Amino acid sequence: EWFKTEAAKMGTIVRESSRENVAQTVVDLAKEIGQDGHIVYADVPEIDAYQIPDALRAASFETERWNPETREKSVGRAENASIGITFASAGIAETATIMQRCTEKSGRAICLLPIGHIALLRKSDLFPYMTQLMEDWEEKIAQGEQMPSNVTFISGPSNTADIELVRVVGVHGPVYASVVLIDE
């Protein structure tokens, strides 16, 4: 509830879903924030496990899986995409922030370049504060887990108020930020 309250303050759209309804929730969000363009999604097993590519195609969306073999092409497609879909590694309730691991199978372009971003996040991966998330990471590193070369922390749609304190959304990232909280 804390995550949802903080997300609303920043303009992040949050939808909750059971495991069985994740694909339909993503399709509904894509219709809500999409601009009739194409969708780029991360090449991670979770997206396939929730059957998201099939559901998007059945809803007549043009989709493309991130392909590390053709990175430049994938970046170009993400740059022109309406929506990027990723699987977040963790979330922080205090700031409604998601942590996005950027790997070769989930390039940072997916969450930064499209007009909209849909992040999938398991409720079990939510932490109350950044300190608890960092403690969890320290433990995983101590156990030998490999960490990515880049991690992006995302808190709402891109915005700035640098010029005359007028808030402008979408200057250097997605205009639409959304999170599907998955109850497993």
# chains A, B, ... in the order shown; residues from 1 in each chain; ligands from 1
>>> residues_around(residues="Val180 (chain A)", least_positions_apart="4", cutoff="6 Å", atoms="only C-alpha atoms", output="list in words")
Val14, Arg15, Glu16 and Leu120 of chain A
>>> residues_around(residues="Arg77 (chain A)", least_positions_apart="2", cutoff="12 Å", atoms="only C-alpha atoms", output="MDAnalysis selection string")
chainID A and resid 37:41 62:67 70:75 79:84 107 109:110 113:115
>>> atom_distance(atom1="CA of Gly34 (chain A)", atom2="CA of Trp2 (chain A)")
26.7 Å
>>> select_by_dssp(residues="region 3-170 of chain A", states="strand (DSSP E)", output="PyMOL selection string")
chain A and resi 13-18+39-41+63-65+83-87+90-92+97-102+116-122+126-127+150-154+159-160+168-169
>>> atom_distance(atom1="CA of Asn21 (chain A)", atom2="CA of Ser124 (chain A)")
17.0 Å
>>> select_by_dssp(residues="region 20-168 of chain A", states="alpha helix (DSSP H)", output="PyMOL selection string")
chain A and resi 22-33+45-49+52-58+71-79+109-112+130-142
